[in-house]
>>> print(open('input-v6.cif').read())   # mmCIF, C-alpha atoms and all ligand atoms
data_input
loop_
_atom_site.label_atom_id
_atom_site.label_comp_id
_atom_site.auth_asym_id
_atom_site.auth_seq_id
_atom_site.Cartn_x
_atom_site.Cartn_y
_atom_site.Cartn_z
CA MET A 1 -79.26 56.10 -12.30
CA ASP A 2 -77.14 59.20 -11.72
CA ILE A 3 -78.66 60.12 -8.37
CA LYS A 4 -76.44 63.14 -7.81
CA ALA A 5 -77.22 64.71 -11.19
CA LEU A 6 -80.95 64.09 -10.82
CA ASP A 7 -80.93 65.54 -7.30
CA LYS A 8 -79.27 68.67 -8.62
CA GLU A 9 -81.77 68.97 -11.43
CA TYR A 10 -85.02 68.17 -9.64
CA VAL A 11 -84.64 68.68 -5.87
CA ALA A 12 -84.68 72.25 -4.54
CA ASN A 13 -81.09 73.20 -4.00
CA THR A 14 -81.37 74.02 -0.28
CA TYR A 15 -78.75 71.53 0.89
CA GLY A 16 -75.02 71.24 0.44
CA ARG A 17 -74.90 67.45 0.48
CA ALA A 18 -71.84 65.31 1.20
CA ASP A 19 -70.69 63.17 -1.69
CA VAL A 20 -72.32 59.87 -0.76
CA VAL A 21 -75.55 57.98 -1.50
CA PHE A 22 -76.71 55.88 1.44
CA THR A 23 -78.87 52.87 0.74
CA GLU A 24 -79.17 50.71 3.86
CA GLY A 25 -77.76 49.82 7.23
CA ARG A 26 -78.18 48.21 10.62
CA GLY A 27 -77.66 50.00 13.91
CA ALA A 28 -74.63 52.31 13.73
CA GLU A 29 -73.40 50.75 10.46
CA VAL A 30 -74.60 52.20 7.18
CA PHE A 31 -73.75 51.31 3.60
CA ASP A 32 -73.53 53.37 0.43
CA HIS A 33 -74.71 52.36 -3.05
CA ARG A 34 -71.35 50.77 -3.75
CA GLY A 35 -71.64 48.59 -0.66
CA ARG A 36 -69.04 50.50 1.31
CA ARG A 37 -69.43 50.40 5.11
CA TYR A 38 -69.50 53.50 7.32
CA LEU A 39 -69.77 53.97 11.08
CA ASP A 40 -72.48 56.50 11.78
CA LEU A 41 -71.83 59.13 14.44
CA GLY A 42 -74.54 61.43 13.04
CA ALA A 43 -77.66 59.26 13.29
CA GLY A 44 -79.50 61.37 10.71
CA ILE A 45 -78.96 64.50 12.87
CA ALA A 46 -79.67 62.91 16.27
CA VAL A 47 -82.75 61.13 14.93
CA ASN A 48 -82.00 57.40 14.71
CA VAL A 49 -81.66 56.79 18.47
CA PHE A 50 -81.62 53.00 17.96
CA GLY A 51 -79.71 53.28 14.71
CA VAL A 52 -80.82 52.25 11.25
CA ALA A 53 -83.49 49.55 10.73
CA ASP A 54 -83.72 48.67 14.42
CA PRO A 55 -85.71 45.40 14.35
CA VAL A 56 -88.01 46.15 17.32
CA TRP A 57 -88.85 49.63 16.02
CA ALA A 58 -89.27 48.32 12.46
CA ALA A 59 -91.67 45.60 13.68
CA ALA A 60 -93.79 48.14 15.59
CA VAL A 61 -93.90 50.43 12.56
CA THR A 62 -94.67 47.73 9.97
CA GLU A 63 -97.38 46.19 12.13
CA GLN A 64 -99.08 49.58 12.39
CA VAL A 65 -98.58 50.57 8.75
CA SER A 66 -100.28 47.40 7.55
CA LYS A 67 -103.28 48.00 9.88
CA LEU A 68 -103.97 51.75 9.67
CA GLN A 69 -101.50 54.38 8.49
CA HIS A 70 -103.60 57.52 8.97
CA MET A 71 -107.10 58.71 9.80
CA SER A 72 -106.52 62.36 10.91
CA ASN A 73 -107.26 63.96 14.24
CA LEU A 74 -111.00 64.02 13.58
CA TYR A 75 -111.03 60.54 15.17
CA TYR A 76 -109.38 58.61 17.99
CA THR A 77 -106.46 56.29 17.30
CA GLU A 78 -104.61 54.11 19.78
CA PRO A 79 -100.85 54.70 19.12
CA CYS A 80 -101.13 58.47 19.68
CA VAL A 81 -102.97 57.98 22.99
CA LYS A 82 -100.49 55.32 24.13
CA LEU A 83 -97.53 57.58 23.35
CA ALA A 84 -99.06 60.61 25.09
CA ARG A 85 -99.72 58.57 28.24
CA LEU A 86 -96.21 57.08 28.16
CA LEU A 87 -94.60 60.53 27.83
CA CYS A 88 -96.74 62.01 30.62
CA GLU A 89 -96.11 59.07 32.97
CA LYS A 90 -92.37 59.23 32.39
CA THR A 91 -92.07 63.01 32.83
CA GLY A 92 -94.92 64.35 34.95
CA PHE A 93 -96.21 66.56 32.14
CA LYS A 94 -100.01 66.68 31.85
CA LYS A 95 -100.80 66.76 28.15
CA VAL A 96 -99.10 66.35 24.77
CA PHE A 97 -99.69 68.02 21.41
CA PHE A 98 -98.28 66.12 18.44
CA GLY A 99 -96.87 67.63 15.23
CA ASN A 100 -94.36 66.36 12.70
CA SER A 101 -91.15 68.24 13.34
CA GLY A 102 -89.11 70.28 15.78
CA ALA A 103 -90.21 73.57 14.27
CA GLU A 104 -93.86 72.57 14.69
CA ALA A 105 -93.29 71.48 18.28
CA ASN A 106 -91.83 74.94 18.91
CA GLU A 107 -94.69 76.66 17.08
CA CYS A 108 -97.05 74.90 19.49
CA ALA A 109 -94.93 75.98 22.48
CA ILE A 110 -94.97 79.60 21.23
CA LYS A 111 -98.71 79.62 20.53
CA THR A 112 -99.40 78.07 23.94
CA ALA A 113 -97.32 80.70 25.74
CA ARG A 114 -99.02 83.54 23.86
CA LYS A 115 -102.51 82.11 24.44
CA TRP A 116 -101.68 81.64 28.13
CA ALA A 117 -100.68 85.31 28.36
CA PHE A 118 -103.77 86.40 26.41
CA ASP A 119 -106.04 84.42 28.76
CA LYS A 120 -104.30 85.95 31.76
CA TYR A 121 -104.19 89.62 30.66
CA GLY A 122 -106.96 89.83 28.07
CA ASP A 123 -104.73 91.47 25.44
CA PHE A 124 -101.51 90.95 23.45
CA GLY A 125 -99.44 93.15 25.77
CA HIS A 126 -97.45 90.26 27.24
CA SER A 127 -96.69 88.31 24.08
CA THR A 128 -92.90 88.71 24.01
CA ILE A 129 -90.78 85.58 24.39
CA ILE A 130 -87.18 85.80 25.55
CA THR A 131 -84.88 83.37 23.72
CA LEU A 132 -81.10 83.10 23.87
CA LYS A 133 -78.34 84.30 21.61
CA ASN A 134 -76.73 81.47 19.60
CA SER A 135 -79.94 79.39 19.88
CA PHE A 136 -81.66 77.44 17.12
CA HIS A 137 -85.40 76.81 17.12
CA GLY A 138 -86.35 75.95 13.53
CA ARG A 139 -86.88 77.13 9.95
CA THR A 140 -90.45 78.45 9.87
CA VAL A 141 -90.74 82.23 9.80
CA THR A 142 -91.71 82.33 13.49
CA THR A 143 -89.10 79.86 14.72
CA LEU A 144 -86.47 81.75 12.71
CA SER A 145 -87.54 84.82 14.69
CA ALA A 146 -87.11 82.82 17.88
CA THR A 147 -83.64 81.70 16.76
CA GLY A 148 -81.07 84.02 18.33
CA GLN A 149 -78.57 84.20 15.48
CA ASP A 150 -78.34 87.16 13.12
CA ALA A 151 -77.31 84.89 10.24
CA PHE A 152 -80.88 83.50 10.19
CA HIS A 153 -82.48 86.95 10.06
CA THR A 154 -81.26 88.17 6.70
CA LYS A 155 -83.38 86.99 3.77
CA PHE A 156 -86.94 86.23 4.77
CA GLY A 157 -88.34 89.33 6.40
CA PRO A 158 -90.61 90.57 7.70
CA PHE A 159 -90.17 88.17 10.62
CA THR A 160 -92.71 87.43 13.34
CA PRO A 161 -92.43 90.12 16.02
CA GLY A 162 -92.38 89.36 19.75
CA PHE A 163 -88.97 87.77 20.28
CA VAL A 164 -85.97 89.22 22.09
CA HIS A 165 -82.58 87.54 22.41
CA ALA A 166 -80.64 87.48 25.67
CA SER A 167 -77.09 86.39 26.45
CA ALA A 168 -76.64 82.67 27.15
CA GLN A 169 -73.92 83.51 29.69
CA ASP A 170 -75.19 86.58 31.53
CA ALA A 171 -78.64 86.09 33.07
CA GLY A 172 -78.71 89.85 33.74
CA GLU A 173 -79.89 90.31 30.14
CA VAL A 174 -82.83 87.95 30.77
CA ARG A 175 -83.73 89.99 33.86
CA ALA A 176 -83.52 93.26 31.92
CA PHE A 177 -86.04 91.96 29.35
CA ALA A 178 -88.29 90.50 32.08
CA GLU A 179 -88.35 93.88 33.86
CA LYS A 180 -89.88 95.55 30.80
CA GLY A 181 -93.14 93.78 31.68
CA ASP A 182 -94.18 92.69 28.18
CA CYS A 183 -92.94 89.08 28.31
CA CYS A 184 -94.76 85.78 28.80
CA ALA A 185 -91.98 83.22 28.58
CA VAL A 186 -88.30 82.33 28.41
CA MET A 187 -87.38 79.68 25.85
CA LEU A 188 -84.03 77.89 25.87
CA GLU A 189 -82.03 74.91 24.70
CA LEU A 190 -80.08 73.49 27.65
CA VAL A 191 -77.37 72.35 25.25
CA GLN A 192 -77.28 74.66 22.25
CA GLY A 193 -76.98 72.07 19.48
CA GLU A 194 -76.81 73.77 16.12
CA GLY A 195 -74.99 76.64 17.86
CA GLY A 196 -71.95 74.42 18.52
CA VAL A 197 -72.95 71.88 21.22
CA VAL A 198 -72.71 74.41 24.06
CA PRO A 199 -74.24 73.32 27.37
CA LEU A 200 -75.65 76.14 29.49
CA THR A 201 -74.06 76.24 32.93
CA ARG A 202 -76.08 75.12 35.93
CA ASP A 203 -75.60 78.52 37.61
CA TYR A 204 -76.92 80.38 34.58
CA VAL A 205 -79.98 78.12 34.30
CA ASP A 206 -80.67 78.39 38.06
CA GLU A 207 -80.68 82.15 37.70
CA VAL A 208 -82.96 82.13 34.64
CA VAL A 209 -85.37 79.78 36.42
CA SER A 210 -85.56 82.08 39.44
CA ILE A 211 -86.04 85.17 37.22
CA ALA A 212 -88.87 83.39 35.39
CA ARG A 213 -90.52 82.50 38.71
CA GLU A 214 -90.07 86.03 40.04
CA TYR A 215 -91.70 87.61 36.99
CA GLY A 216 -94.33 84.90 36.46
CA LEU A 217 -92.90 83.84 33.07
CA LEU A 218 -93.36 80.40 31.56
CA LEU A 219 -90.25 78.28 31.09
CA ILE A 220 -90.07 76.62 27.68
CA VAL A 221 -87.27 74.14 27.03
CA ASP A 222 -86.50 73.21 23.42
CA GLU A 223 -85.47 69.56 23.68
CA VAL A 224 -85.82 68.85 19.98
CA GLN A 225 -82.20 67.70 19.89
CA THR A 226 -81.35 67.10 23.58
CA GLY A 227 -84.46 64.98 24.24
CA ASN A 228 -85.27 61.29 24.08
CA GLY A 229 -82.18 60.00 25.87
CA ARG A 230 -79.58 61.94 23.91
CA THR A 231 -77.90 63.63 26.90
CA GLY A 232 -78.06 60.68 29.32
CA THR A 233 -81.47 61.39 30.82
CA LEU A 234 -84.81 61.05 29.04
CA TYR A 235 -84.90 64.87 28.84
CA ALA A 236 -81.98 67.18 29.59
CA TYR A 237 -83.92 69.40 32.04
CA GLU A 238 -83.78 66.51 34.54
CA GLN A 239 -80.05 67.20 34.90
CA TYR A 240 -80.65 70.89 35.58
CA GLY A 241 -82.96 70.32 38.56
CA PHE A 242 -86.13 72.14 37.50
CA MET A 243 -89.48 71.36 35.89
CA PRO A 244 -90.25 73.42 32.76
CA ASP A 245 -93.81 74.50 31.94
CA ILE A 246 -93.45 73.44 28.30
CA VAL A 247 -91.01 71.08 26.56
CA SER A 248 -90.79 70.72 22.80
CA THR A 249 -89.16 67.68 21.29
CA ALA A 250 -88.82 65.89 17.95
CA LYS A 251 -85.70 64.47 16.23
CA GLY A 252 -85.12 61.20 18.16
CA LEU A 253 -88.72 60.81 19.31
CA GLY A 254 -89.98 58.92 16.26
CA GLY A 255 -86.84 56.81 15.90
CA GLY A 256 -86.53 57.94 12.27
CA LEU A 257 -90.09 58.85 11.29
CA PRO A 258 -91.31 62.47 11.39
CA LEU A 259 -92.80 63.27 14.78
CA GLY A 260 -92.74 66.25 17.08
CA ALA A 261 -94.31 66.72 20.49
CA CYS A 262 -95.05 69.63 22.75
CA LEU A 263 -95.34 68.57 26.40
CA LEU A 264 -97.61 70.80 28.47
CA GLY A 265 -97.24 71.17 32.24
CA GLU A 266 -99.79 72.06 34.92
CA ARG A 267 -99.84 75.80 34.25
CA VAL A 268 -100.74 75.39 30.57
CA GLU A 269 -102.52 72.04 30.36
CA HIS A 270 -105.88 73.75 29.72
CA THR A 271 -104.56 76.67 27.65
CA LEU A 272 -105.28 75.21 24.22
CA GLY A 273 -108.91 74.33 23.51
CA ALA A 274 -110.76 72.75 20.59
CA GLY A 275 -109.88 74.56 17.36
CA ASP A 276 -106.96 76.51 18.84
CA HIS A 277 -104.30 74.41 17.17
CA GLY A 278 -103.99 71.36 14.94
CA SER A 279 -102.03 69.33 12.44
CA THR A 280 -103.32 66.96 9.75
CA PHE A 281 -100.51 64.46 10.21
CA GLY A 282 -99.94 65.18 13.92
CA GLY A 283 -100.01 62.04 16.06
CA ASN A 284 -99.82 59.85 12.96
CA PRO A 285 -100.36 56.21 14.01
CA VAL A 286 -97.23 54.85 12.29
CA SER A 287 -94.89 57.51 13.70
CA CYS A 288 -96.46 57.10 17.15
CA ALA A 289 -96.25 53.29 17.13
CA GLY A 290 -92.53 53.65 16.40
CA ALA A 291 -92.14 56.28 19.12
CA VAL A 292 -93.83 54.08 21.72
CA SER A 293 -91.26 51.40 20.93
CA VAL A 294 -88.46 53.99 21.27
CA ILE A 295 -89.60 55.69 24.48
CA GLN A 296 -90.42 52.36 26.20
CA ARG A 297 -86.85 51.19 25.66
CA ILE A 298 -85.07 54.32 26.89
CA ASP A 299 -84.59 52.87 30.37
CA GLN A 300 -82.07 53.49 33.15
CA LYS A 301 -79.63 50.93 31.74
CA LEU A 302 -79.60 52.58 28.32
CA LEU A 303 -79.26 56.07 29.85
CA GLU A 304 -76.32 54.90 31.96
CA ASP A 305 -74.71 53.57 28.77
CA VAL A 306 -75.26 56.92 27.07
CA ARG A 307 -73.47 58.76 29.89
CA ARG A 308 -70.64 56.22 29.93
CA LYS A 309 -70.15 56.36 26.15
CA GLY A 310 -70.22 60.15 26.24
CA GLU A 311 -67.48 60.14 28.89
CA TYR A 312 -65.48 57.67 26.81
CA ILE A 313 -65.55 59.99 23.78
CA LYS A 314 -64.55 62.97 25.91
CA LYS A 315 -61.62 61.12 27.53
CA ALA A 316 -60.41 59.72 24.22
CA LEU A 317 -60.41 63.11 22.49
CA GLU A 318 -59.45 65.56 25.19
CA GLY A 319 -55.76 66.37 24.78
CA ALA A 320 -55.54 64.41 21.52
CA LYS A 321 -53.43 65.91 18.72
CA GLY A 322 -55.32 68.70 16.93
CA VAL A 323 -58.17 68.84 19.50
CA LYS A 324 -58.64 72.19 21.23
CA ALA A 325 -61.72 71.41 23.33
CA VAL A 326 -64.51 68.88 23.79
CA THR A 327 -67.97 70.04 24.90
CA GLY A 328 -71.39 68.47 25.35
CA LEU A 329 -73.56 66.22 27.46
CA GLY A 330 -74.06 62.47 27.08
CA LEU A 331 -73.98 61.40 23.44
CA MET A 332 -74.17 64.97 22.17
CA VAL A 333 -70.55 65.96 21.72
CA GLY A 334 -68.83 68.97 20.15
CA ILE A 335 -65.15 68.93 19.20
CA LEU A 336 -63.22 72.11 18.53
CA CYS A 337 -60.26 71.20 16.30
CA ASP A 338 -57.24 73.01 14.94
CA LYS A 339 -58.60 72.22 11.47
CA PRO A 340 -61.93 73.59 10.20
CA ALA A 341 -64.83 71.29 11.16
CA GLY A 342 -65.97 70.89 7.56
CA GLU A 343 -62.56 69.62 6.55
CA VAL A 344 -62.57 67.07 9.38
CA ALA A 345 -66.06 65.88 8.45
CA LYS A 346 -65.06 65.41 4.82
CA ALA A 347 -61.86 63.54 5.69
CA ALA A 348 -63.72 61.35 8.23
CA LEU A 349 -66.33 60.42 5.63
CA ALA A 350 -63.55 59.42 3.24
CA ARG A 351 -62.28 57.13 6.02
CA GLY A 352 -65.74 55.63 6.57
CA VAL A 353 -66.92 57.64 9.59
CA VAL A 354 -70.00 59.87 9.39
CA VAL A 355 -69.85 62.99 11.59
CA LEU A 356 -71.74 66.30 11.61
CA THR A 357 -70.64 69.86 12.17
CA ALA A 358 -72.16 72.65 14.26
CA HIS A 359 -70.71 76.11 13.71
CA GLU A 360 -66.97 75.75 14.20
CA LYS A 361 -67.21 72.32 15.85
CA VAL A 362 -67.38 68.72 14.76
CA ARG A 363 -70.63 67.34 16.21
CA LEU A 364 -71.13 63.71 17.26
CA VAL A 365 -74.66 62.44 17.93
CA PRO A 366 -74.39 58.68 17.33
CA PRO A 367 -77.18 56.15 17.82
CA LEU A 368 -77.57 55.65 21.59
CA THR A 369 -77.08 51.93 21.02
CA ILE A 370 -73.77 52.14 19.16
CA THR A 371 -71.61 49.30 20.50
CA ASP A 372 -68.45 49.98 22.49
CA GLU A 373 -66.43 48.33 19.74
CA GLN A 374 -67.98 50.47 16.98
CA LEU A 375 -67.47 53.58 19.06
CA ARG A 376 -63.81 52.75 19.72
CA GLU A 377 -63.18 52.08 16.02
CA ALA A 378 -64.87 55.33 14.95
CA VAL A 379 -63.14 57.47 17.60
CA GLU A 380 -59.70 56.07 16.68
CA ILE A 381 -60.25 56.97 13.01
CA LEU A 382 -61.54 60.39 14.00
CA LYS A 383 -58.45 60.99 16.15
CA GLU A 384 -56.21 60.17 13.19
CA VAL A 385 -58.18 62.47 10.90
CA ILE A 386 -58.14 65.37 13.39
CA GLY A 387 -54.44 64.90 14.17
CA ALA A 388 -53.28 64.46 10.56
C1 LIG B 401 -83.37 70.50 14.76
C2 LIG B 401 -83.86 71.48 15.74
C3 LIG B 401 -85.06 72.19 15.53
C4 LIG B 401 -85.85 72.09 14.25
O1 LIG B 401 -86.35 70.81 14.04
P1 LIG B 401 -86.99 70.41 12.62
O2 LIG B 401 -87.50 69.01 12.84
O3 LIG B 401 -85.90 70.48 11.61
O4 LIG B 401 -88.08 71.37 12.35
C5 LIG B 401 -85.50 73.02 16.55
N1 LIG B 401 -84.82 73.15 17.69
C6 LIG B 401 -83.66 72.49 17.93
C7 LIG B 401 -82.97 72.66 19.23
C8 LIG B 401 -83.15 71.63 16.96
O5 LIG B 401 -81.99 71.01 17.18
#
>>> encode(input="input-v6.cif", output="structure tokens", more="lines below")
Ligand SMILES: *Cc1c(COP(=O)(O)O)cnc(C)c1O
Amino acid sequence: MDIKALDKEYVANTYGRADVVFTEGRGAEVFDHRGRRYLDLGAGIAVNVFGVADPVWAAAVTEQVSKLQHMSNLYYTEPCVKLARLLCEKTGFKKVFFGNSGAEANECAIKTARKWAFDKYGDFGHSTIITLKNSFHGRTVTTLSATGQDAFHTKFGPFTPGFVHASAQDAGEVRAFAEKGDCCAVMLELVQGEGGVVPLTRDYVDEVVSIAREYGLLLIVDEVQTGNGRTGTLYAYEQYGFMPDIVSTAKGLGGGLPLGACLLGERVEHTLGAGDHGSTFGGNPVSCAGAVSVIQRIDQKLLEDVRRKGEYIKKALEGAKGVKAVTGLGLMVGILCDKPAGEVAKAALARGVVVLTAHEKVRLVPPLTITDEQLREAVEILKEVIGA
């Protein structure tokens, strides 16, 4: 079967795909339809936290799928409840809303903030949400509005009103918006992922947190990409020393199945009531059974490994030939090269190493469980490709 030709003919042409058909794998090793081996530093865009076909995750998923795959949220099911309790116990959040993707997790965060402001003021006069320039929050019309990049605001208007974009370096811009008095929340990624793996500085975040407190704004952290162990803590906010009011997450949460979650803190735990929000597939038993297996195993030992492996990549690449800068946190790494990132990604793939790009950078988000040996092999090849 000519998969590439059929894809072009029948699948909506929204993706510029790399020239490879993947068929199977194990952990950080994946194979194409010709049986060629690749080392995977992309993990399906920071999704496969335990790599491909992780046996413990696969067992949890297959056990659930052969018992009950779906019943909808009109009824109770166990995996969704188990996962919600696990997430709350591990974080201190009070309640969880489940959807199927990062964009949906953010939609829930946005609706919650607006409803919270409506309950408080009795009108829509405080509905504005401050997000940051260079952010990425999703592909729905509303999360595109939230996304602070002009390139996403060109073709699909009119966009949802009620978002303003502040500098991710100068907290003065956040203050200026807060002073206008029409805002309910600040929403940020602590490491801007799609925007080029750019961690916010601790000083900047401290300032934004104190502005939010001063003006009574909710703090929403988009941990769709940074969450679920990726940065070396279960959630990245732990490393910034504050407790958000709302955290959205997805990508790695389901270990490879579609699942998003919106974690609700004390101030908003009662904001959404029956009928206010919903999702047919949200909290799907199979996705949740897999997620329980993932979240249970993100323990201190694994998180330590994530930090150590992240440091290893940084050390190996900093100062290497053709490398201008290395950014990131834990196993979320951005590499600014002399060569264009797309060229590096293509050449790496030809050498059997899968990497992603983010704006002008090469982006590495490998499975958290990639072995030291696999990591060393992949980084050596990457160094050669970047330096060639
Ligand atoms: C990927 C991503 C999203 C969108 O997630 P989808 O599952 O594609 O809807 C939102 N926010 C951030 C920070 C992301 O990295």
>>> residues_around(input="input-v6.cif", residues="segment 334-343 of chain A", least_positions_apart="3", cutoff="7 Å", atoms="only C-alpha atoms", output="PyMOL selection string")
chain A and resi 196-197+322-328+346-347+357+360-364+386
>>> atom_distance(input="input-v6.cif", atom1="atom CA of Gly162 of chain A", atom2="atom CA of Thr128 of chain A")
4.3 Å
>>> closest_residue(input="input-v6.cif", among="A:Ile295, A:Pro55, A:Glu318, A:Lys309", to="Arg85 of chain A", atoms="only C-alpha atoms")
A:Ile295
>>> closest_residue(input="input-v6.cif", among="A:Gly216, A:Gly42, A:Gly283, A:Gly260", to="Met332 of chain A", atoms="only C-alpha atoms")
A:Gly42
>>> axis_aligned_box(input="input-v6.cif", around="ligand LIG 401 (chain B)", padding_each_side="4 Å", output="JSON")
{"center_x": -85.0, "center_y": 71.1, "center_z": 15.4, "size_x": 14.1, "size_y": 12.1, "size_z": 15.6}
>>> residues_around(input="input-v6.cif", residues="Leu74 of chain A", least_positions_apart="5", cutoff="12 Å", atoms="all atoms listed in the file", output="NGL selection string")
:A and (274-275 or 278-284)
>>> closest_residue(input="input-v6.cif", among="A:Ala261, A:Val353, A:Leu200, A:Ala388", to="Leu329 of chain A", atoms="all atoms listed in the file")
A:Leu200
>>> atom_distance(input="input-v6.cif", atom1="atom CA of Ala320 of chain A", atom2="atom CA of Val344 of chain A")
14.3 Å
>>> residues_around(input="input-v6.cif", residues="Val208 of chain A", least_positions_apart="2", cutoff="12 Å", atoms="only C-alpha atoms", output="ChimeraX atom specification")
/A:130-132,166-178,185-188,190,200-206,210-221,240,242,244
>>> write_last_selection(input="input-v6.cif", atoms="C-alpha atoms", output="PDB file, in the frame of the given file")
ATOM      1  CA  ILE A 130     -87.180  85.800  25.550  1.00  0.00           C
ATOM      2  CA  THR A 131     -84.880  83.370  23.720  1.00  0.00           C
ATOM      3  CA  LEU A 132     -81.100  83.100  23.870  1.00  0.00           C
ATOM      4  CA  ALA A 166     -80.640  87.480  25.670  1.00  0.00           C
ATOM      5  CA  SER A 167     -77.090  86.390  26.450  1.00  0.00           C
ATOM      6  CA  ALA A 168     -76.640  82.670  27.150  1.00  0.00           C
ATOM      7  CA  GLN A 169     -73.920  83.510  29.690  1.00  0.00           C
ATOM      8  CA  ASP A 170     -75.190  86.580  31.530  1.00  0.00           C
ATOM      9  CA  ALA A 171     -78.640  86.090  33.070  1.00  0.00           C
ATOM     10  CA  GLY A 172     -78.710  89.850  33.740  1.00  0.00           C
ATOM     11  CA  GLU A 173     -79.890  90.310  30.140  1.00  0.00           C
ATOM     12  CA  VAL A 174     -82.830  87.950  30.770  1.00  0.00           C
ATOM     13  CA  ARG A 175     -83.730  89.990  33.860  1.00  0.00           C
ATOM     14  CA  ALA A 176     -83.520  93.260  31.920  1.00  0.00           C
ATOM     15  CA  PHE A 177     -86.040  91.960  29.350  1.00  0.00           C
ATOM     16  CA  ALA A 178     -88.290  90.500  32.080  1.00  0.00           C
ATOM     17  CA  ALA A 185     -91.980  83.220  28.580  1.00  0.00           C
ATOM     18  CA  VAL A 186     -88.300  82.330  28.410  1.00  0.00           C
ATOM     19  CA  MET A 187     -87.380  79.680  25.850  1.00  0.00           C
ATOM     20  CA  LEU A 188     -84.030  77.890  25.870  1.00  0.00           C
ATOM     21  CA  LEU A 190     -80.080  73.490  27.650  1.00  0.00           C
ATOM     22  CA  LEU A 200     -75.650  76.140  29.490  1.00  0.00           C
ATOM     23  CA  THR A 201     -74.060  76.240  32.930  1.00  0.00           C
ATOM     24  CA  ARG A 202     -76.080  75.120  35.930  1.00  0.00           C
ATOM     25  CA  ASP A 203     -75.600  78.520  37.610  1.00  0.00           C
ATOM     26  CA  TYR A 204     -76.920  80.380  34.580  1.00  0.00           C
ATOM     27  CA  VAL A 205     -79.980  78.120  34.300  1.00  0.00           C
ATOM     28  CA  ASP A 206     -80.670  78.390  38.060  1.00  0.00           C
ATOM     29  CA  SER A 210     -85.560  82.080  39.440  1.00  0.00           C
ATOM     30  CA  ILE A 211     -86.040  85.170  37.220  1.00  0.00           C
ATOM     31  CA  ALA A 212     -88.870  83.390  35.390  1.00  0.00           C
ATOM     32  CA  ARG A 213     -90.520  82.500  38.710  1.00  0.00           C
ATOM     33  CA  GLU A 214     -90.070  86.030  40.040  1.00  0.00           C
ATOM     34  CA  TYR A 215     -91.700  87.610  36.990  1.00  0.00           C
ATOM     35  CA  GLY A 216     -94.330  84.900  36.460  1.00  0.00           C
ATOM     36  CA  LEU A 217     -92.900  83.840  33.070  1.00  0.00           C
ATOM     37  CA  LEU A 218     -93.360  80.400  31.560  1.00  0.00           C
ATOM     38  CA  LEU A 219     -90.250  78.280  31.090  1.00  0.00           C
ATOM     39  CA  ILE A 220     -90.070  76.620  27.680  1.00  0.00           C
ATOM     40  CA  VAL A 221     -87.270  74.140  27.030  1.00  0.00           C
ATOM     41  CA  TYR A 240     -80.650  70.890  35.580  1.00  0.00           C
ATOM     42  CA  PHE A 242     -86.130  72.140  37.500  1.00  0.00           C
ATOM     43  CA  PRO A 244     -90.250  73.420  32.760  1.00  0.00           C
TER      44      PRO A 244
END
>>> residues_around(input="input-v6.cif", residues="segment 14-29 of chain A", least_positions_apart="3", cutoff="10 Å", atoms="all atoms listed in the file", output="count of residues only")
39
>>> residues_around(input="input-v6.cif", residues="Ile129 of chain A", least_positions_apart="6", cutoff="9 Å", atoms="all atoms listed in the file", output="ChimeraX atom specification")
/A:110,113-114,146,162-165,182-187
>>> write_last_selection(input="input-v6.cif", atoms="C-alpha atoms", output="PDB file, in the frame of the given file")
ATOM      1  CA  ILE A 110     -94.970  79.600  21.230  1.00  0.00           C
ATOM      2  CA  ALA A 113     -97.320  80.700  25.740  1.00  0.00           C
ATOM      3  CA  ARG A 114     -99.020  83.540  23.860  1.00  0.00           C
ATOM      4  CA  ALA A 146     -87.110  82.820  17.880  1.00  0.00           C
ATOM      5  CA  GLY A 162     -92.380  89.360  19.750  1.00  0.00           C
ATOM      6  CA  PHE A 163     -88.970  87.770  20.280  1.00  0.00           C
ATOM      7  CA  VAL A 164     -85.970  89.220  22.090  1.00  0.00           C
ATOM      8  CA  HIS A 165     -82.580  87.540  22.410  1.00  0.00           C
ATOM      9  CA  ASP A 182     -94.180  92.690  28.180  1.00  0.00           C
ATOM     10  CA  CYS A 183     -92.940  89.080  28.310  1.00  0.00           C
ATOM     11  CA  CYS A 184     -94.760  85.780  28.800  1.00  0.00           C
ATOM     12  CA  ALA A 185     -91.980  83.220  28.580  1.00  0.00           C
ATOM     13  CA  VAL A 186     -88.300  82.330  28.410  1.00  0.00           C
ATOM     14  CA  MET A 187     -87.380  79.680  25.850  1.00  0.00           C
TER      15      MET A 187
END
>>> residues_near_ligand(input="input-v6.cif", ligand="ligand LIG 401 (chain B)", cutoff="10 Å", atoms="all atoms listed in the file", output="ChimeraX atom specification")
/A:45-47,99-107,135-140,143-144,146-147,188-195,197,221-227,248-252,258-260
>>> closest_residue(input="input-v6.cif", among="A:Val355, A:Val141, A:Val56, A:Leu331", to="Phe159 of chain A", atoms="all atoms listed in the file")
A:Val141
>>> closest_residue(input="input-v6.cif", among="A:Val247, A:Leu68, A:Ala358, A:Ala117", to="Gly265 of chain A", atoms="all atoms listed in the file")
A:Val247
>>> residues_near_point(input="input-v6.cif", point="(-101.0, 56.2, 14.4)", cutoff="12 Å", atoms="all atoms listed in the file", output="ChimeraX atom specification")
/A:60-73,75-84,98,254,257-259,280-292
>>> atom_distance(input="input-v6.cif", atom1="atom CA of Glu269 of chain A", atom2="atom CA of Phe93 of chain A")
8.5 Å
>>> residues_near_point(input="input-v6.cif", point="(-54.1, 59.1, 18.1)", cutoff="9 Å", atoms="all atoms listed in the file", output="count of residues only")
12
